[in-house]
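Worksheet: the structure to be examined is printed underneath.
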Amino acid sequence: MEGLLGLDAPDNEKNYLVIDLHQQKEGFDLTRARILAVQCQYTGAIFTISSVYLLKEAQPVVLGVLFPAKGAPTAGVKVYGSFTDEPLDMEAVSTGYYMHTSIMAYADDTFSFVDAADPENKLYQINYIGDWYPAEYSFGGAWEDDTWQSAPVKWIEIDLSDTSVYNWANALTDGVDDITADVKAVKVLRNGQIIIEQNGKSFNLLGTEVR
């Protein structure tokens, strides 16, 4: 795949190289390329590459989530993130899960959850040192190939009901600060290595679980 950088354009003025991925040859996948090179025809010419976008089609996603019961929103749950301009309502189903069945997202899009009636009441997750932060996930890191109503989709089904790991911001009277007090991480020195113990599990300083 080649492109010409405005050979008739004046020197030292901005030129553009556009690669149209819709015109790729059959069997060629630019996203699998390890090196993307731009070669200058004339020695000493100046190039600035601001960004390269490898655009793929958004994928249909079915999302099902089981949330912690403590502090659960009474008016429903919304899912939001980089895939949508406005938070989307999730439907409560008989299994206790909340679902949204018509999301369109890219693999690197992210999603989070919020109380439908209170935007401050977000879903939080605890990290290995005992700090709570708003839970955020990537579609590509969670989805699997499946079908929905006979159509191929990306399927995400996650259980976030464990309140030692996940909680709504208003789960306790004073909010997230009090939630942090519920689960403490303890640092210990074991065989010359600092280990963090929390919820019966042990982690090194990089967050990797050790046994």
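Labels used: A, B, ... for chains in the order of the structure tokens, numbers from 1 for residues in each chain, and numbers from 1 for ligands as shown.
Using only C-alpha atoms, the residues found no farther than 9 Å from Val114 in chain A, other than those of its own chain fewer than 4 positions away, are Pro73, Gly76, Val77, Lys78, Val79, Tyr80, Pro87, Asp118, Pro119, Glu120, Asn121, Lys122, Leu123 and Trp168 of chain A.
Residue nearest Tyr106 in chain A within the list A:Tyr137, A:Tyr128, A:Trp148, A:Phe83: A:Phe83 [criterion: smallest interatomic distance, only C-alpha atoms].
Shortest atom-to-atom contact with Trp155 in chain A among A:Gln125, A:Gln59, A:Asn170, A:Thr95: A:Gln59, counting only C-alpha atoms.
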